[in-house]
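Here is the structure we will look at.
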Amino acid sequence: MRNLTILDCTLRDGGLTNNFRFPEKYIKDHIQKISEAKVDYLELGYKADPTYYERTAYGKLKFCDDSEIRDIIKGISGLPKLAFMVDVGRFDRRLVENASVSPFTMGRVACYLNQIEEAVEDVRFLQNKGYETTLNIMAISRERIPEIVCGLRKIKTQIPAAAVYVVDSYGALYPDDVKKLVSLYKEELNGMNVGIHVHNNMQLAFSNTITAVESGADFLDASVNGMGRGAGNCPLECLLPYVGKDNYDLKPVLALINDYYTHDANERSWGYCPKQLLTGIFNQHPVYSIQGAGEDLIRIYDHFQSEVQV
């Protein structure tokens, strides 16, 4: 298999399930074990603007202050490259240090397709600061191909990002959809790396990631035990053996699952369930669309069906 790049997004996407309120011991243990697993990149969280988000309502990985991250990673050897994410328009550029003095190597810009021009400016800003960059186009399942092509062409002419991501935010894509999108990105971006970030609403996160690899994707996102918003992400413990036993070590990831995940099944607010399946089928946001919906699957189904028919 050709060389691929794996990014662990557990702490960032998983942080959306608990407002980033991870115990510090878990954060340190997670970083240590992902380091031992030899994963290429570790995404710690967001650099969010405190004027948009009240600091006391979130854990420290919502803001990823460089000084706090330095304290967290102190003494951990063999670190992967560390990444943070920013949402377009929701970070303060004055709080981003130069990469040369930062614990972070990569900055990832998340945007919707109609924010491409602003996202390009954010990517360029981070590149000028010395960071490797990715541009993650969210909710791509809700966009039409002509508009996607237009957005990709704007990217191609303006920025040399490390990767541009196909992001299945709603877990609504099937393998054929992933194949078409990754192939389209590769064609339009003229050899630029393509990434894949998928959600597991229809139990397709792992198979869609494999399909993306077979279609030419180079950067692959995954999380421990699939932890992530809504139905969660592609499980890292599935992806590592697929990509190659010689390159990565599965056992540290299994140790994390043993220590932190095997006893929380009845308490967690993420993962596959029939409600999340319906959000994937109807291409709806995995959280907001089912808030207050209760457990009546027929009522949820009928609600989504009525919206489709409008």
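Identifiers for the structure tokens are assigned positionally: chains receive A, B, ... in sequence, residues are indexed from 1 per chain, and ligands are indexed from 1 in the order shown.
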Problem - Selection: 12 Å around segment 243-258 of chain A, only C-alpha atoms, excl. self and same-chain fewer than 3 positions, as an MDAnalysis selection string - result: chainID A and resid 1:6 8 10 25:40 80 206 209:210 213:214 218:220 222:227 235:240 261:265
Problem - Backbone-only DSSP, alpha helix (DSSP H) members of segment 65-286 of chain A, as an MDAnalysis selection string - result: chainID A and resid 66:73 116:128 145:158 175:188 205:214 236:243 251:256 274:281
As a PDB file with N, CA, C and O atoms, in the first residue's frame, which residues of segment 49-246 of chain A does DSSP assign to strand (DSSP E)?
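Heads up, here's the output in part37.pdb:
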ATOM      1  N   LYS A  81       3.138  14.887  14.994  1.00  0.00           N
ATOM      2  CA  LYS A  81       2.905  16.293  14.704  1.00  0.00           C
ATOM      3  C   LYS A  81       1.546  16.689  15.291  1.00  0.00           C
ATOM      4  O   LYS A  81       0.569  15.971  15.130  1.00  0.00           O
ATOM      5  N   LEU A  82       1.512  17.819  15.974  1.00  0.00           N
ATOM      6  CA  LEU A  82       0.282  18.267  16.621  1.00  0.00           C
ATOM      7  C   LEU A  82      -0.463  19.250  15.722  1.00  0.00           C
ATOM      8  O   LEU A  82       0.146  20.091  15.060  1.00  0.00           O
ATOM      9  N   ALA A  83      -1.803  19.137  15.735  1.00  0.00           N
ATOM     10  CA  ALA A  83      -2.640  19.981  14.897  1.00  0.00           C
ATOM     11  C   ALA A  83      -3.730  20.631  15.730  1.00  0.00           C
ATOM     12  O   ALA A  83      -4.162  20.094  16.754  1.00  0.00           O
ATOM     13  N   PHE A  84      -4.156  21.807  15.291  1.00  0.00           N
ATOM     14  CA  PHE A  84      -5.346  22.445  15.842  1.00  0.00           C
ATOM     15  C   PHE A  84      -6.278  22.766  14.690  1.00  0.00           C
ATOM     16  O   PHE A  84      -5.882  22.799  13.521  1.00  0.00           O
ATOM     17  N   MET A  85      -7.551  23.015  15.022  1.00  0.00           N
ATOM     18  CA  MET A  85      -8.527  23.408  14.006  1.00  0.00           C
ATOM     19  C   MET A  85      -9.059  24.797  14.335  1.00  0.00           C
ATOM     20  O   MET A  85      -9.155  25.180  15.503  1.00  0.00           O
ATOM     21  N   VAL A  86      -9.397  25.536  13.288  1.00  0.00           N
ATOM     22  CA  VAL A  86     -10.108  26.803  13.450  1.00  0.00           C
ATOM     23  C   VAL A  86     -11.339  26.782  12.561  1.00  0.00           C
ATOM     24  O   VAL A  86     -11.310  26.221  11.454  1.00  0.00           O
ATOM     25  N   ASP A  87     -12.421  27.362  13.052  1.00  0.00           N
ATOM     26  CA  ASP A  87     -13.601  27.599  12.227  1.00  0.00           C
ATOM     27  C   ASP A  87     -13.472  28.972  11.594  1.00  0.00           C
ATOM     28  O   ASP A  87     -13.064  29.945  12.250  1.00  0.00           O
ATOM     29  N   MET A 106       0.574  21.874  12.523  1.00  0.00           N
ATOM     30  CA  MET A 106      -0.476  22.009  11.511  1.00  0.00           C
ATOM     31  C   MET A 106      -1.661  22.807  12.036  1.00  0.00           C
ATOM     32  O   MET A 106      -2.074  22.646  13.186  1.00  0.00           O
ATOM     33  N   GLY A 107      -2.210  23.657  11.160  1.00  0.00           N
ATOM     34  CA  GLY A 107      -3.474  24.337  11.425  1.00  0.00           C
ATOM     35  C   GLY A 107      -4.492  23.919  10.378  1.00  0.00           C
ATOM     36  O   GLY A 107      -4.206  23.963   9.179  1.00  0.00           O
ATOM     37  N   ARG A 108      -5.672  23.499  10.835  1.00  0.00           N
ATOM     38  CA  ARG A 108      -6.715  23.020   9.922  1.00  0.00           C
ATOM     39  C   ARG A 108      -7.873  24.023   9.912  1.00  0.00           C
ATOM     40  O   ARG A 108      -8.372  24.403  10.964  1.00  0.00           O
ATOM     41  N   VAL A 109      -8.277  24.431   8.736  1.00  0.00           N
ATOM     42  CA  VAL A 109      -9.347  25.418   8.585  1.00  0.00           C
ATOM     43  C   VAL A 109     -10.619  24.697   8.155  1.00  0.00           C
ATOM     44  O   VAL A 109     -10.640  24.019   7.125  1.00  0.00           O
ATOM     45  N   ALA A 110     -11.682  24.846   8.958  1.00  0.00           N
ATOM     46  CA  ALA A 110     -12.975  24.233   8.654  1.00  0.00           C
ATOM     47  C   ALA A 110     -13.922  25.298   8.134  1.00  0.00           C
ATOM     48  O   ALA A 110     -14.046  26.380   8.719  1.00  0.00           O
ATOM     49  N   CYS A 111     -14.594  24.981   7.035  1.00  0.00           N
ATOM     50  CA  CYS A 111     -15.526  25.941   6.451  1.00  0.00           C
ATOM     51  C   CYS A 111     -16.638  25.201   5.727  1.00  0.00           C
ATOM     52  O   CYS A 111     -16.543  23.998   5.467  1.00  0.00           O
ATOM     53  N   GLU A 132       1.887  23.897   8.475  1.00  0.00           N
ATOM     54  CA  GLU A 132       1.241  23.060   7.482  1.00  0.00           C
ATOM     55  C   GLU A 132      -0.269  23.278   7.618  1.00  0.00           C
ATOM     56  O   GLU A 132      -0.752  23.590   8.706  1.00  0.00           O
ATOM     57  N   THR A 133      -0.992  23.113   6.521  1.00  0.00           N
ATOM     58  CA  THR A 133      -2.414  23.433   6.580  1.00  0.00           C
ATOM     59  C   THR A 133      -3.258  22.379   5.865  1.00  0.00           C
ATOM     60  O   THR A 133      -2.795  21.726   4.920  1.00  0.00           O
ATOM     61  N   THR A 134      -4.501  22.235   6.329  1.00  0.00           N
ATOM     62  CA  THR A 134      -5.522  21.552   5.547  1.00  0.00           C
ATOM     63  C   THR A 134      -6.740  22.455   5.484  1.00  0.00           C
ATOM     64  O   THR A 134      -6.946  23.302   6.351  1.00  0.00           O
ATOM     65  N   LEU A 135      -7.544  22.260   4.451  1.00  0.00           N
ATOM     66  CA  LEU A 135      -8.810  22.967   4.324  1.00  0.00           C
ATOM     67  C   LEU A 135      -9.909  21.904   4.309  1.00  0.00           C
ATOM     68  O   LEU A 135      -9.924  21.022   3.439  1.00  0.00           O
ATOM     69  N   ASN A 136     -10.790  21.962   5.289  1.00  0.00           N
ATOM     70  CA  ASN A 136     -11.821  20.938   5.468  1.00  0.00           C
ATOM     71  C   ASN A 136     -13.175  21.511   5.091  1.00  0.00           C
ATOM     72  O   ASN A 136     -13.721  22.349   5.813  1.00  0.00           O
ATOM     73  N   ILE A 137     -13.733  21.065   3.975  1.00  0.00           N
ATOM     74  CA  ILE A 137     -15.016  21.580   3.499  1.00  0.00           C
ATOM     75  C   ILE A 137     -16.124  20.722   4.107  1.00  0.00           C
ATOM     76  O   ILE A 137     -16.334  19.578   3.711  1.00  0.00           O
ATOM     77  N   ALA A 163      -3.524  19.379   2.360  1.00  0.00           N
ATOM     78  CA  ALA A 163      -4.620  18.517   1.914  1.00  0.00           C
ATOM     79  C   ALA A 163      -5.916  19.311   1.948  1.00  0.00           C
ATOM     80  O   ALA A 163      -6.094  20.196   2.782  1.00  0.00           O
ATOM     81  N   VAL A 164      -6.818  18.977   1.043  1.00  0.00           N
ATOM     82  CA  VAL A 164      -8.180  19.490   1.056  1.00  0.00           C
ATOM     83  C   VAL A 164      -9.091  18.298   1.349  1.00  0.00           C
ATOM     84  O   VAL A 164      -8.992  17.264   0.689  1.00  0.00           O
ATOM     85  N   TYR A 165      -9.958  18.463   2.344  1.00  0.00           N
ATOM     86  CA  TYR A 165     -10.714  17.335   2.871  1.00  0.00           C
ATOM     87  C   TYR A 165     -12.137  17.256   2.344  1.00  0.00           C
ATOM     88  O   TYR A 165     -12.858  18.261   2.282  1.00  0.00           O
ATOM     89  N   VAL A 166     -12.539  16.037   1.999  1.00  0.00           N
ATOM     90  CA  VAL A 166     -13.943  15.680   1.848  1.00  0.00           C
ATOM     91  C   VAL A 166     -14.459  15.379   3.259  1.00  0.00           C
ATOM     92  O   VAL A 166     -13.979  14.450   3.913  1.00  0.00           O
ATOM     93  N   VAL A 167     -15.423  16.162   3.741  1.00  0.00           N
ATOM     94  CA  VAL A 167     -15.930  16.001   5.104  1.00  0.00           C
ATOM     95  C   VAL A 167     -17.410  15.610   5.052  1.00  0.00           C
ATOM     96  O   VAL A 167     -18.255  16.408   4.636  1.00  0.00           O
ATOM     97  N   ASP A 168     -17.695  14.404   5.482  1.00  0.00           N
ATOM     98  CA  ASP A 168     -19.076  13.907   5.532  1.00  0.00           C
ATOM     99  C   ASP A 168     -19.648  14.199   6.916  1.00  0.00           C
ATOM    100  O   ASP A 168     -19.808  13.313   7.748  1.00  0.00           O
ATOM    101  N   VAL A 194      -5.648  14.887  -0.995  1.00  0.00           N
ATOM    102  CA  VAL A 194      -7.057  14.894  -0.604  1.00  0.00           C
ATOM    103  C   VAL A 194      -7.200  14.122   0.694  1.00  0.00           C
ATOM    104  O   VAL A 194      -6.588  13.060   0.877  1.00  0.00           O
ATOM    105  N   GLY A 195      -7.979  14.671   1.615  1.00  0.00           N
ATOM    106  CA  GLY A 195      -8.236  14.002   2.884  1.00  0.00           C
ATOM    107  C   GLY A 195      -9.680  13.541   2.986  1.00  0.00           C
ATOM    108  O   GLY A 195     -10.552  14.003   2.237  1.00  0.00           O
ATOM    109  N   ILE A 196      -9.934  12.649   3.932  1.00  0.00           N
ATOM    110  CA  ILE A 196     -11.290  12.151   4.170  1.00  0.00           C
ATOM    111  C   ILE A 196     -11.581  12.171   5.666  1.00  0.00           C
ATOM    112  O   ILE A 196     -10.781  11.705   6.478  1.00  0.00           O
ATOM    113  N   HIS A 197     -12.734  12.761   6.010  1.00  0.00           N
ATOM    114  CA  HIS A 197     -13.217  12.788   7.396  1.00  0.00           C
ATOM    115  C   HIS A 197     -14.691  12.419   7.330  1.00  0.00           C
ATOM    116  O   HIS A 197     -15.497  13.167   6.775  1.00  0.00           O
ATOM    117  N   VAL A 198     -15.031  11.273   7.904  1.00  0.00           N
ATOM    118  CA  VAL A 198     -16.397  10.756   7.762  1.00  0.00           C
ATOM    119  C   VAL A 198     -17.017  10.487   9.124  1.00  0.00           C
ATOM    120  O   VAL A 198     -16.317  10.281  10.122  1.00  0.00           O
ATOM    121  N   PHE A 219      -4.834  11.658   3.142  1.00  0.00           N
ATOM    122  CA  PHE A 219      -4.937  11.985   4.560  1.00  0.00           C
ATOM    123  C   PHE A 219      -6.224  11.369   5.109  1.00  0.00           C
ATOM    124  O   PHE A 219      -7.308  11.591   4.551  1.00  0.00           O
ATOM    125  N   LEU A 220      -6.101  10.629   6.208  1.00  0.00           N
ATOM    126  CA  LEU A 220      -7.229   9.881   6.751  1.00  0.00           C
ATOM    127  C   LEU A 220      -7.450  10.255   8.210  1.00  0.00           C
ATOM    128  O   LEU A 220      -6.548  10.126   9.031  1.00  0.00           O
ATOM    129  N   ASP A 221      -8.651  10.719   8.539  1.00  0.00           N
ATOM    130  CA  ASP A 221      -9.000  11.041   9.924  1.00  0.00           C
ATOM    131  C   ASP A 221      -9.660   9.836  10.578  1.00  0.00           C
ATOM    132  O   ASP A 221     -10.455   9.117   9.948  1.00  0.00           O
ATOM    133  N   ALA A 222      -9.359   9.641  11.867  1.00  0.00           N
ATOM    134  CA  ALA A 222      -9.985   8.567  12.630  1.00  0.00           C
ATOM    135  C   ALA A 222      -9.888   8.917  14.103  1.00  0.00           C
ATOM    136  O   ALA A 222      -9.112   9.788  14.500  1.00  0.00           O
TER     137      ALA A 222
END
Handout entry: Given only C-alpha atoms as the counted atoms, nearest of A:Ala205, A:Val120, A:Leu44, A:Leu79 to Asn233 of chain A
Key =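 For Asn233 of chain A, the nearest of the candidates is A:Ala205.
Closest approach to Asp13 of chain A among A:Ala217, A:Ala231, A:Leu277, A:Val308: A:Ala231, based on only C-alpha atoms.
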Handout entry: Point-to-point distance from atom CA of Glu118 of chain A to atom CA of Arg93 of chain A, Å rounded to tenths
Key =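 So the answer is 13.4 Å.
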Using only C-alpha atoms, I'd like a table of the residues in segment 30-117 of chain A that come within 9 Å of segment 149-152 of chain A; for each, show the closest atom pair and its distance in Å rounded to one decimal, ordered by chain and ascending number, as JSON lines.
{"residue": "A:Leu113", "atom": "CA", "partner": "A:Gly151", "partner_atom": "CA", "distance": 6.6}
{"residue": "A:Asn114", "atom": "CA", "partner": "A:Gly151", "partner_atom": "CA", "distance": 8.1}
{"residue": "A:Ile116", "atom": "CA", "partner": "A:Gly151", "partner_atom": "CA", "distance": 6.4}
{"residue": "A:Glu117", "atom": "CA", "partner": "A:Gly151", "partner_atom": "CA", "distance": 8.4}
Dump all heavy atoms for the selected residues as a PDB file, in the first residue's frame?
ATOM      1  N   LEU A 113     -18.956  25.346   2.098  1.00  0.00           N
ATOM      2  CA  LEU A 113     -18.573  25.657   0.720  1.00  0.00           C
ATOM      3  C   LEU A 113     -18.752  27.142   0.400  1.00  0.00           C
ATOM      4  O   LEU A 113     -17.950  27.722  -0.335  1.00  0.00           O
ATOM      5  CB  LEU A 113     -19.403  24.799  -0.250  1.00  0.00           C
ATOM      6  CG  LEU A 113     -18.952  24.806  -1.707  1.00  0.00           C
ATOM      7  CD1 LEU A 113     -17.534  24.248  -1.855  1.00  0.00           C
ATOM      8  CD2 LEU A 113     -19.923  24.004  -2.577  1.00  0.00           C
ATOM      9  N   ASN A 114     -19.785  27.765   0.973  1.00  0.00           N
ATOM     10  CA  ASN A 114     -20.008  29.183   0.678  1.00  0.00           C
ATOM     11  C   ASN A 114     -19.038  30.103   1.411  1.00  0.00           C
ATOM     12  O   ASN A 114     -19.117  31.322   1.275  1.00  0.00           O
ATOM     13  CB  ASN A 114     -21.451  29.579   0.992  1.00  0.00           C
ATOM     14  CG  ASN A 114     -21.806  29.454   2.462  1.00  0.00           C
ATOM     15  OD1 ASN A 114     -20.974  29.073   3.279  1.00  0.00           O
ATOM     16  ND2 ASN A 114     -23.043  29.768   2.804  1.00  0.00           N
ATOM     17  N   ILE A 116     -15.620  29.536   1.135  1.00  0.00           N
ATOM     18  CA  ILE A 116     -14.320  29.169   0.575  1.00  0.00           C
ATOM     19  C   ILE A 116     -13.372  30.359   0.493  1.00  0.00           C
ATOM     20  O   ILE A 116     -12.190  30.258   0.864  1.00  0.00           O
ATOM     21  CB  ILE A 116     -14.488  28.528  -0.823  1.00  0.00           C
ATOM     22  CG1 ILE A 116     -14.992  27.087  -0.692  1.00  0.00           C
ATOM     23  CG2 ILE A 116     -13.169  28.537  -1.593  1.00  0.00           C
ATOM     24  CD1 ILE A 116     -13.994  26.126  -0.075  1.00  0.00           C
ATOM     25  N   GLU A 117     -13.846  31.481   0.038  1.00  0.00           N
ATOM     26  CA  GLU A 117     -12.941  32.617  -0.147  1.00  0.00           C
ATOM     27  C   GLU A 117     -12.356  33.073   1.189  1.00  0.00           C
ATOM     28  O   GLU A 117     -11.157  33.378   1.282  1.00  0.00           O
ATOM     29  CB  GLU A 117     -13.670  33.748  -0.851  1.00  0.00           C
ATOM     30  CG  GLU A 117     -14.008  33.411  -2.299  1.00  0.00           C
ATOM     31  CD  GLU A 117     -14.669  34.559  -3.025  1.00  0.00           C
ATOM     32  OE1 GLU A 117     -14.867  35.615  -2.401  1.00  0.00           O
ATOM     33  OE2 GLU A 117     -14.987  34.399  -4.226  1.00  0.00           O
TER      34      GLU A 117
END
